[in-house]
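What follows is the content of data_6.cif, which has mmCIF, C-alpha atoms:
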data_model
#
loop_
_atom_site.group_PDB
_atom_site.id
_atom_site.type_symbol
_atom_site.label_atom_id
_atom_site.label_comp_id
_atom_site.auth_asym_id
_atom_site.auth_seq_id
_atom_site.Cartn_x
_atom_site.Cartn_y
_atom_site.Cartn_z
ATOM 1 C CA MET A 41 0.000 0.000 0.000
ATOM 2 C CA SER A 42 1.257 3.483 -0.844
ATOM 3 C CA LYS A 43 2.176 5.859 1.944
ATOM 4 C CA LEU A 44 0.873 9.402 2.170
ATOM 5 C CA ARG A 45 3.813 11.808 2.367
ATOM 6 C CA ILE A 46 3.071 14.683 4.757
ATOM 7 C CA ALA A 47 5.400 17.674 5.101
ATOM 8 C CA ILE A 48 5.675 19.665 8.303
ATOM 9 C CA GLN A 49 7.911 22.521 9.383
ATOM 10 C CA LYS A 50 11.351 21.274 10.368
ATOM 11 C CA SER A 51 11.463 23.153 13.689
ATOM 12 C CA GLY A 52 9.605 25.721 15.744
ATOM 13 C CA ARG A 53 6.148 26.059 17.246
ATOM 14 C CA LEU A 54 4.331 24.878 14.120
ATOM 15 C CA ASN A 55 6.435 21.701 14.195
ATOM 16 C CA GLU A 56 5.412 21.003 17.794
ATOM 17 C CA ASP A 57 1.713 21.610 17.153
ATOM 18 C CA SER A 58 1.822 19.516 13.967
ATOM 19 C CA MET A 59 3.421 16.573 15.742
ATOM 20 C CA GLN A 60 0.858 16.852 18.521
ATOM 21 C CA ILE A 61 -2.144 16.654 16.203
ATOM 22 C CA LEU A 62 -0.614 13.678 14.394
ATOM 23 C CA LYS A 63 -0.206 11.982 17.754
ATOM 24 C CA ASP A 64 -3.795 12.867 18.706
ATOM 25 C CA ILE A 65 -5.152 11.194 15.556
ATOM 26 C CA GLY A 66 -3.247 8.000 16.309
ATOM 27 C CA ILE A 67 -0.223 8.451 14.053
ATOM 28 C CA SER A 68 2.965 7.656 15.972
ATOM 29 C CA ILE A 69 6.200 8.904 14.414
ATOM 30 C CA ASP A 70 9.684 7.624 15.249
ATOM 31 C CA ASN A 71 11.900 10.560 14.357
ATOM 32 C CA GLY A 72 15.478 10.915 15.512
ATOM 33 C CA LYS A 73 17.512 14.086 15.839
ATOM 34 C CA ASP A 74 18.100 15.890 12.514
ATOM 35 C CA GLN A 75 16.130 13.219 10.659
ATOM 36 C CA LEU A 76 14.507 14.601 7.497
ATOM 37 C CA LYS A 77 12.041 11.755 6.922
ATOM 38 C CA ALA A 78 10.277 9.335 9.248
ATOM 39 C CA SER A 79 7.595 6.674 8.843
ATOM 40 C CA ALA A 80 4.590 6.085 11.073
ATOM 41 C CA ARG A 81 4.554 2.794 12.955
ATOM 42 C CA ASP A 82 0.854 2.089 12.576
ATOM 43 C CA PHE A 83 -0.453 4.075 9.609
ATOM 44 C CA PRO A 84 0.550 4.464 5.918
ATOM 45 C CA VAL A 85 2.192 7.859 6.384
ATOM 46 C CA GLU A 86 5.683 9.267 5.943
ATOM 47 C CA VAL A 87 6.541 12.630 7.497
ATOM 48 C CA PHE A 88 9.024 14.967 5.796
ATOM 49 C CA TYR A 89 10.647 17.728 7.897
ATOM 50 C CA LEU A 90 11.165 20.691 5.582
ATOM 51 C CA ARG A 91 11.751 24.440 5.555
ATOM 52 C CA ASN A 92 8.395 26.176 5.722
ATOM 53 C CA GLY A 93 9.006 28.316 2.646
ATOM 54 C CA ASP A 94 9.946 25.278 0.510
ATOM 55 C CA ILE A 95 6.810 23.252 1.238
ATOM 56 C CA PRO A 96 4.444 24.913 -1.311
ATOM 57 C CA GLN A 97 6.747 24.055 -4.225
ATOM 58 C CA TYR A 98 7.109 20.458 -3.037
ATOM 59 C CA LEU A 99 3.307 20.219 -2.951
ATOM 60 C CA LYS A 100 2.991 21.622 -6.468
ATOM 61 C CA ASP A 101 5.607 19.171 -7.785
ATOM 62 C CA GLY A 102 4.066 16.175 -5.994
ATOM 63 C CA VAL A 103 7.219 15.522 -3.975
ATOM 64 C CA VAL A 104 4.925 15.496 -0.924
ATOM 65 C CA ASP A 105 1.204 14.718 -0.962
ATOM 66 C CA ALA A 106 0.016 16.932 1.893
ATOM 67 C CA ALA A 107 1.392 19.373 4.417
ATOM 68 C CA ILE A 108 0.596 21.073 7.686
ATOM 69 C CA ILE A 109 1.529 24.660 6.933
ATOM 70 C CA GLY A 110 0.583 28.225 7.753
ATOM 71 C CA GLU A 111 -2.195 29.572 5.536
ATOM 72 C CA ASN A 112 -0.163 32.764 5.095
ATOM 73 C CA VAL A 113 2.647 30.808 3.412
ATOM 74 C CA LEU A 114 0.194 29.174 1.009
ATOM 75 C CA ILE A 115 -1.287 32.539 0.068
ATOM 76 C CA GLU A 116 2.207 33.876 -0.625
ATOM 77 C CA LYS A 117 3.716 30.883 -2.430
ATOM 78 C CA GLY A 118 1.072 28.221 -2.957
ATOM 79 C CA GLU A 119 -1.233 29.353 -5.720
ATOM 80 C CA GLY A 120 -3.280 26.381 -6.961
ATOM 81 C CA ILE A 121 -2.814 24.337 -3.768
ATOM 82 C CA GLY A 122 -6.037 23.276 -2.069
ATOM 83 C CA ILE A 123 -6.825 23.372 1.653
ATOM 84 C CA ALA A 124 -8.409 20.198 3.016
ATOM 85 C CA GLU A 125 -8.830 21.345 6.621
ATOM 86 C CA LYS A 126 -8.245 24.379 8.803
ATOM 87 C CA LEU A 127 -6.574 23.223 12.012
ATOM 88 C CA GLY A 128 -7.235 26.027 14.501
ATOM 89 C CA PHE A 129 -3.696 26.434 15.875
ATOM 90 C CA SER A 130 -0.648 28.617 15.113
ATOM 91 C CA LYS A 131 -2.938 31.586 14.533
ATOM 92 C CA CYS A 132 -1.405 34.855 13.395
ATOM 93 C CA ARG A 133 -2.079 37.764 11.072
ATOM 94 C CA VAL A 134 -0.132 39.470 8.315
ATOM 95 C CA CYS A 135 0.035 43.170 9.174
ATOM 96 C CA ILE A 136 1.535 46.429 8.026
ATOM 97 C CA ALA A 137 3.269 48.420 10.772
ATOM 98 C CA VAL A 138 4.911 51.850 10.915
ATOM 99 C CA PRO A 139 7.063 53.611 13.537
ATOM 100 C CA LYS A 140 5.047 54.837 16.527
ATOM 101 C CA SER A 141 6.165 58.406 15.831
ATOM 102 C CA VAL A 142 4.507 58.397 12.395
ATOM 103 C CA LYS A 143 0.999 59.831 12.094
ATOM 104 C CA TYR A 144 -1.099 57.340 10.153
ATOM 105 C CA GLY A 145 -4.596 58.064 8.867
ATOM 106 C CA ASN A 146 -5.384 55.403 6.279
ATOM 107 C CA ILE A 147 -3.879 53.153 3.608
ATOM 108 C CA LYS A 148 -3.326 56.097 1.258
ATOM 109 C CA ASP A 149 -0.565 57.283 3.593
ATOM 110 C CA LEU A 150 1.582 54.445 2.210
ATOM 111 C CA GLU A 151 1.583 55.959 -1.296
ATOM 112 C CA GLY A 152 5.191 56.116 -2.533
ATOM 113 C CA LYS A 153 6.565 54.697 0.734
ATOM 114 C CA ARG A 154 9.134 51.928 1.154
ATOM 115 C CA ILE A 155 7.772 48.722 2.726
ATOM 116 C CA ALA A 156 10.081 45.950 3.911
ATOM 117 C CA THR A 157 8.510 42.483 3.849
ATOM 118 C CA SER A 158 8.980 38.748 3.461
ATOM 119 C CA TYR A 159 5.547 38.562 1.781
ATOM 120 C CA PRO A 160 5.895 40.591 -1.441
ATOM 121 C CA VAL A 161 3.124 38.777 -3.355
ATOM 122 C CA THR A 162 0.620 39.201 -0.534
ATOM 123 C CA VAL A 163 1.513 42.848 0.035
ATOM 124 C CA GLN A 164 1.460 43.745 -3.657
ATOM 125 C CA ARG A 165 -1.988 42.219 -4.132
ATOM 126 C CA PHE A 166 -3.286 44.132 -1.133
ATOM 127 C CA LEU A 167 -1.829 47.455 -2.275
ATOM 128 C CA GLU A 168 -3.137 47.026 -5.819
ATOM 129 C CA LYS A 169 -6.620 46.312 -4.470
ATOM 130 C CA GLN A 170 -6.402 49.518 -2.414
ATOM 131 C CA GLY A 171 -5.063 51.549 -5.349
ATOM 132 C CA VAL A 172 -1.764 52.329 -3.597
ATOM 133 C CA ASN A 173 1.683 52.351 -5.187
ATOM 134 C CA ALA A 174 4.599 51.612 -2.855
ATOM 135 C CA HIS A 175 8.163 50.308 -3.176
ATOM 136 C CA LEU A 176 8.717 46.826 -1.732
ATOM 137 C CA HIS A 177 12.030 45.726 -0.205
ATOM 138 C CA ILE A 178 12.139 41.932 0.097
ATOM 139 C CA ILE A 179 13.815 40.822 3.334
ATOM 140 C CA ASN A 180 14.047 37.315 4.777
ATOM 141 C CA GLY A 181 14.049 37.600 8.561
ATOM 142 C CA SER A 182 14.420 40.528 10.973
ATOM 143 C CA VAL A 183 11.978 42.658 8.995
ATOM 144 C CA GLU A 184 11.151 44.722 12.104
ATOM 145 C CA ILE A 185 14.513 46.494 12.179
ATOM 146 C CA ALA A 186 14.146 47.942 8.663
ATOM 147 C CA PRO A 187 12.583 51.290 9.697
ATOM 148 C CA ASN A 188 15.098 51.752 12.519
ATOM 149 C CA ILE A 189 18.078 51.479 10.153
ATOM 150 C CA GLY A 190 16.517 53.696 7.472
ATOM 151 C CA LEU A 191 15.853 50.896 4.996
ATOM 152 C CA ALA A 192 12.066 51.312 4.917
ATOM 153 C CA ASP A 193 9.210 53.535 6.052
ATOM 154 C CA ALA A 194 6.992 50.589 7.015
ATOM 155 C CA ILE A 195 7.053 46.816 7.283
ATOM 156 C CA CYS A 196 4.682 43.959 6.574
ATOM 157 C CA ASP A 197 5.156 40.746 8.539
ATOM 158 C CA ILE A 198 3.334 38.092 10.543
ATOM 159 C CA VAL A 199 2.152 39.150 14.004
ATOM 160 C CA SER A 200 1.000 36.926 16.864
ATOM 161 C CA SER A 201 1.041 38.856 20.135
ATOM 162 C CA GLY A 202 2.495 42.118 18.825
ATOM 163 C CA SER A 203 5.363 42.065 21.318
ATOM 164 C CA THR A 204 8.032 42.120 18.583
ATOM 165 C CA LEU A 205 6.478 45.239 17.060
ATOM 166 C CA PHE A 206 6.385 46.891 20.480
ATOM 167 C CA LYS A 207 10.051 46.114 21.135
ATOM 168 C CA ASN A 208 11.005 47.699 17.814
ATOM 169 C CA ASN A 209 8.936 50.833 18.433
ATOM 170 C CA LEU A 210 6.386 49.957 15.746
ATOM 171 C CA LYS A 211 2.586 50.082 15.670
ATOM 172 C CA GLU A 212 0.205 47.946 13.647
ATOM 173 C CA VAL A 213 -1.875 49.989 11.185
ATOM 174 C CA GLU A 214 -3.316 47.526 8.656
ATOM 175 C CA THR A 215 -4.262 43.833 8.828
ATOM 176 C CA ILE A 216 -3.944 42.217 5.414
ATOM 177 C CA LEU A 217 -5.093 38.736 6.360
ATOM 178 C CA LYS A 218 -5.607 36.347 9.276
ATOM 179 C CA SER A 219 -3.928 32.968 9.186
ATOM 180 C CA GLU A 220 -3.831 29.611 10.969
ATOM 181 C CA ALA A 221 -2.308 26.201 10.328
ATOM 182 C CA VAL A 222 -4.016 24.235 7.565
ATOM 183 C CA LEU A 223 -3.821 20.788 6.023
ATOM 184 C CA ALA A 224 -2.849 21.526 2.414
ATOM 185 C CA VAL A 225 -3.050 19.007 -0.431
ATOM 186 C CA SER A 226 -0.966 18.501 -3.561
ATOM 187 C CA PRO A 227 -2.892 19.120 -6.807
ATOM 188 C CA VAL A 228 -1.486 15.839 -8.227
ATOM 189 C CA LEU A 229 -2.668 13.514 -5.437
ATOM 190 C CA SER A 230 -3.542 9.987 -6.599
ATOM 191 C CA GLU A 231 -6.914 8.349 -5.885
ATOM 192 C CA GLU A 232 -5.295 5.780 -3.601
ATOM 193 C CA LYS A 233 -3.713 8.506 -1.493
ATOM 194 C CA LYS A 234 -6.935 10.523 -1.452
ATOM 195 C CA ALA A 235 -8.513 7.609 0.443
ATOM 196 C CA ILE A 236 -5.744 7.797 3.080
ATOM 197 C CA LEU A 237 -6.193 11.564 3.276
ATOM 198 C CA ARG A 238 -9.953 11.193 3.884
ATOM 199 C CA THR A 239 -9.220 8.952 6.869
ATOM 200 C CA ILE A 240 -6.786 11.543 8.247
ATOM 201 C CA GLN A 241 -9.341 14.325 7.729
ATOM 202 C CA PHE A 242 -12.022 12.361 9.570
ATOM 203 C CA ARG A 243 -9.700 11.826 12.527
ATOM 204 C CA ILE A 244 -8.609 15.475 12.565
ATOM 205 C CA GLN A 245 -12.226 16.656 12.515
ATOM 206 C CA SER A 246 -12.971 14.412 15.513
ATOM 207 C CA VAL A 247 -10.018 15.833 17.454
ATOM 208 C CA LEU A 248 -10.863 19.457 16.613
ATOM 209 C CA LYS A 249 -14.515 19.009 17.599
ATOM 210 C CA GLY A 250 -13.341 17.571 20.908
ATOM 211 C CA ARG A 251 -10.933 20.447 21.524
ATOM 212 C CA ASN A 252 -13.687 22.989 20.878
ATOM 213 C CA SER A 253 -16.302 21.308 23.108
ATOM 214 C CA ARG A 254 -16.907 20.516 26.758
ATOM 215 C CA TYR A 255 -18.920 17.710 28.339
ATOM 216 C CA VAL A 256 -21.342 18.953 30.998
ATOM 217 C CA LEU A 257 -23.050 16.932 33.738
ATOM 218 C CA LEU A 258 -25.496 18.511 36.173
ATOM 219 C CA ASN A 259 -28.328 17.797 38.574
ATOM 220 C CA ALA A 260 -31.703 19.368 37.851
ATOM 221 C CA PRO A 261 -34.974 19.526 39.816
ATOM 222 C CA ASN A 262 -37.651 17.991 37.624
ATOM 223 C CA ASP A 263 -39.907 21.027 37.880
ATOM 224 C CA LYS A 264 -37.157 23.128 36.245
ATOM 225 C CA LEU A 265 -35.936 20.482 33.819
ATOM 226 C CA LYS A 266 -37.565 21.974 30.717
ATOM 227 C CA ASP A 267 -35.998 25.406 31.323
ATOM 228 C CA ILE A 268 -32.560 23.908 31.955
ATOM 229 C CA ILE A 269 -32.664 21.744 28.842
ATOM 230 C CA SER A 270 -33.624 24.778 26.748
ATOM 231 C CA VAL A 271 -30.122 26.274 27.162
ATOM 232 C CA LEU A 272 -28.269 23.052 26.346
ATOM 233 C CA PRO A 273 -27.797 22.548 22.610
ATOM 234 C CA GLY A 274 -26.110 19.134 22.801
ATOM 235 C CA MET A 275 -25.188 16.992 19.802
ATOM 236 C CA LYS A 276 -28.833 16.010 19.214
ATOM 237 C CA SER A 277 -30.500 16.502 22.567
ATOM 238 C CA PRO A 278 -29.320 16.261 26.175
ATOM 239 C CA THR A 279 -29.332 12.906 27.962
ATOM 240 C CA VAL A 280 -31.675 12.899 30.986
ATOM 241 C CA LEU A 281 -31.463 10.170 33.651
ATOM 242 C CA PRO A 282 -33.449 9.887 36.910
ATOM 243 C CA LEU A 283 -31.494 10.295 40.160
ATOM 244 C CA ALA A 284 -31.995 8.115 43.243
ATOM 245 C CA GLU A 285 -33.512 11.122 44.998
ATOM 246 C CA GLU A 286 -37.090 11.550 43.850
ATOM 247 C CA GLY A 287 -37.861 14.726 41.924
ATOM 248 C CA TRP A 288 -34.342 15.119 40.511
ATOM 249 C CA SER A 289 -32.644 14.163 37.241
ATOM 250 C CA SER A 290 -29.093 14.028 35.931
ATOM 251 C CA VAL A 291 -28.550 15.909 32.662
ATOM 252 C CA HIS A 292 -25.624 15.250 30.331
ATOM 253 C CA SER A 293 -24.760 17.388 27.303
ATOM 254 C CA VAL A 294 -22.014 18.926 25.179
ATOM 255 C CA ILE A 295 -21.456 22.673 24.846
ATOM 256 C CA SER A 296 -19.112 24.823 22.799
ATOM 257 C CA LYS A 297 -15.940 25.932 24.573
ATOM 258 C CA ASN A 298 -16.540 29.467 23.315
ATOM 259 C CA GLU A 299 -20.028 29.600 24.873
ATOM 260 C CA PHE A 300 -18.994 27.881 28.094
ATOM 261 C CA TRP A 301 -19.347 30.607 30.736
ATOM 262 C CA ASN A 302 -22.552 32.076 29.327
ATOM 263 C CA VAL A 303 -24.187 28.647 29.310
ATOM 264 C CA ILE A 304 -23.004 27.861 32.837
ATOM 265 C CA ASP A 305 -24.410 31.182 34.118
ATOM 266 C CA ASP A 306 -27.768 30.430 32.469
ATOM 267 C CA LEU A 307 -27.837 26.924 33.939
ATOM 268 C CA LYS A 308 -27.239 28.251 37.461
ATOM 269 C CA ASP A 309 -29.921 30.910 37.047
ATOM 270 C CA LYS A 310 -32.415 28.242 35.963
ATOM 271 C CA GLY A 311 -31.749 26.022 38.989
ATOM 272 C CA ALA A 312 -29.056 23.557 37.912
ATOM 273 C CA GLN A 313 -26.832 22.202 40.700
ATOM 274 C CA GLY A 314 -23.658 20.109 40.972
ATOM 275 C CA ILE A 315 -22.417 21.190 37.553
ATOM 276 C CA LEU A 316 -19.365 19.255 36.347
ATOM 277 C CA VAL A 317 -17.424 20.199 33.197
ATOM 278 C CA CYS A 318 -14.975 17.790 31.532
ATOM 279 C CA PRO A 319 -12.662 18.107 28.508
ATOM 280 C CA ILE A 320 -13.423 15.934 25.477
ATOM 281 C CA GLU A 321 -10.563 14.133 23.790
ATOM 282 C CA LYS A 322 -12.399 13.301 20.545
ATOM 283 C CA MET A 323 -15.916 13.581 19.122
ATOM 284 C CA VAL A 324 -17.042 11.121 16.455
ATOM 285 C CA LEU A 325 -20.390 12.188 15.022
#
As structure tokens - that is how I would like this structure written.
Amino acid sequence: MSKLRIAIQKSGRLNEDSMQILKDIGISIDNGKDQLKASARDFPVEVFYLRNGDIPQYLKDGVVDAAIIGENVLIEKGEGIGIAEKLGFSKCRVCIAVPKSVKYGNIKDLEGKRIATSYPVTVQRFLEKQGVNAHLHIINGSVEIAPNIGLADAICDIVSSGSTLFKNNLKEVETILKSEAVLAVSPVLSEEKKAILRTIQFRIQSVLKGRNSRYVLLNAPNDKLKDIISVLPGMKSPTVLPLAEEGWSSVHSVISKNEFWNVIDDLKDKGAQGILVCPIEKMVL
């Protein structure tokens, strides 16, 4: 049976998160130090450890079949490469920043300015859409120092927390796009490998649904049961079981992590007691 070749970033935070999700979907990788390729023990997958910027070309050429990569890199270098799944981690944004001392009103203030960036394709598309002409200086790494050494009037780079901008006396003025890790797919993937990929997608979806949900157990007086159930969406409907104490029931349900505190507050207001909340490892629907 053929093996699906998946590329991930060789090192860094994206590497760690990528290895974790592979582990969570049951793919165990034996990779030694400085190893560039490793096979899974229990699944038809080979993992290639590559430079992030090289991965889009390897996908286009069919050297690898799929990749866990930042969406921002695909937008910059991966035209024609499809996204099978958004993964919800390694979130960032591609932003334009200027020195804090510069008065900035709107995008037109960048007309004729020099912008240092590692994302020339992304920036140029954005500027053209806005009707702005600027001069791009392509820099690989340490983009933030460009205004301080007189190389540029502004920069465009990825931003997570904004701390790097702050340290370099810069302020964010425009957000070009928001990005997260995605599962990208080669445009020349064979039918046999598509079947393997579908299995991986199914497992990833189960893990992501689990990460974004919480399992809730609570005790409810029967005379308030209808009101309590009304705030619990569940997967289909909440599970209701009678308690040993007459007049009470145990209610089990699943809620979104993002709605957690609002739902808990509503449950308390409607008379729920003994509320327990548990993480969910995986959800198979």
Step by step, work through what the PyMOL selection byres ((chain A and resi 245) around 12) selects in the shown file, and finish by giving those residues as a list of chain:residue names.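 This file, filtered by the PyMOL selection byres ((chain A and resi 245) around 12), leaves A:Ile61, A:Asp64, A:Ile65, A:Ala124, A:Glu125, A:Lys126, A:Leu127, A:Gly128, A:Leu223, A:Arg238, A:Thr239, A:Ile240, A:Gln241, A:Phe242, A:Arg243, A:Ile244, A:Ser246, A:Val247, A:Leu248, A:Lys249, A:Gly250, A:Arg251, A:Asn252, A:Glu321, A:Lys322, A:Met323, A:Val324, A:Leu325.
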Would you kindly translate the PyMOL selection byres ((chain A and resi 195) around 9) into the concrete residues it picks from this file, as a list in words? Cys135, Ile136, Ala137, Val138, Arg154, Ile155, Ala156, Thr157, Val183, Glu184, Ile185, Ala186, Pro187, Ala192, Asp193, Ala194, Cys196 and Asp197 of chain A
Could you give me, as an MDAnalysis selection string, the residues within 6 Å of Ile48 in chain A, counting only C-alpha atoms and dropping anything in the same chain fewer than 2 positions from it? chainID A and resid 89 107:108
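Closest approach to Pro261 in chain A among A:Leu99, A:Leu210, A:Ala312, A:Ala284: A:Ala312, based on all atoms listed in the file.
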Measuring between all atoms listed in the file, which one of A:Ile147, A:Leu114, A:Leu265, A:Leu44 shows the shortest distance to Val280 in chain A?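 Using all atoms listed in the file, the shortest distance to Val280 in chain A belongs to A:Leu265.
Nearest to Val228 in chain A of all the residues A:Gly145, A:Gly181, A:Gly102, A:Gly311 is A:Gly102, counting only C-alpha atoms.
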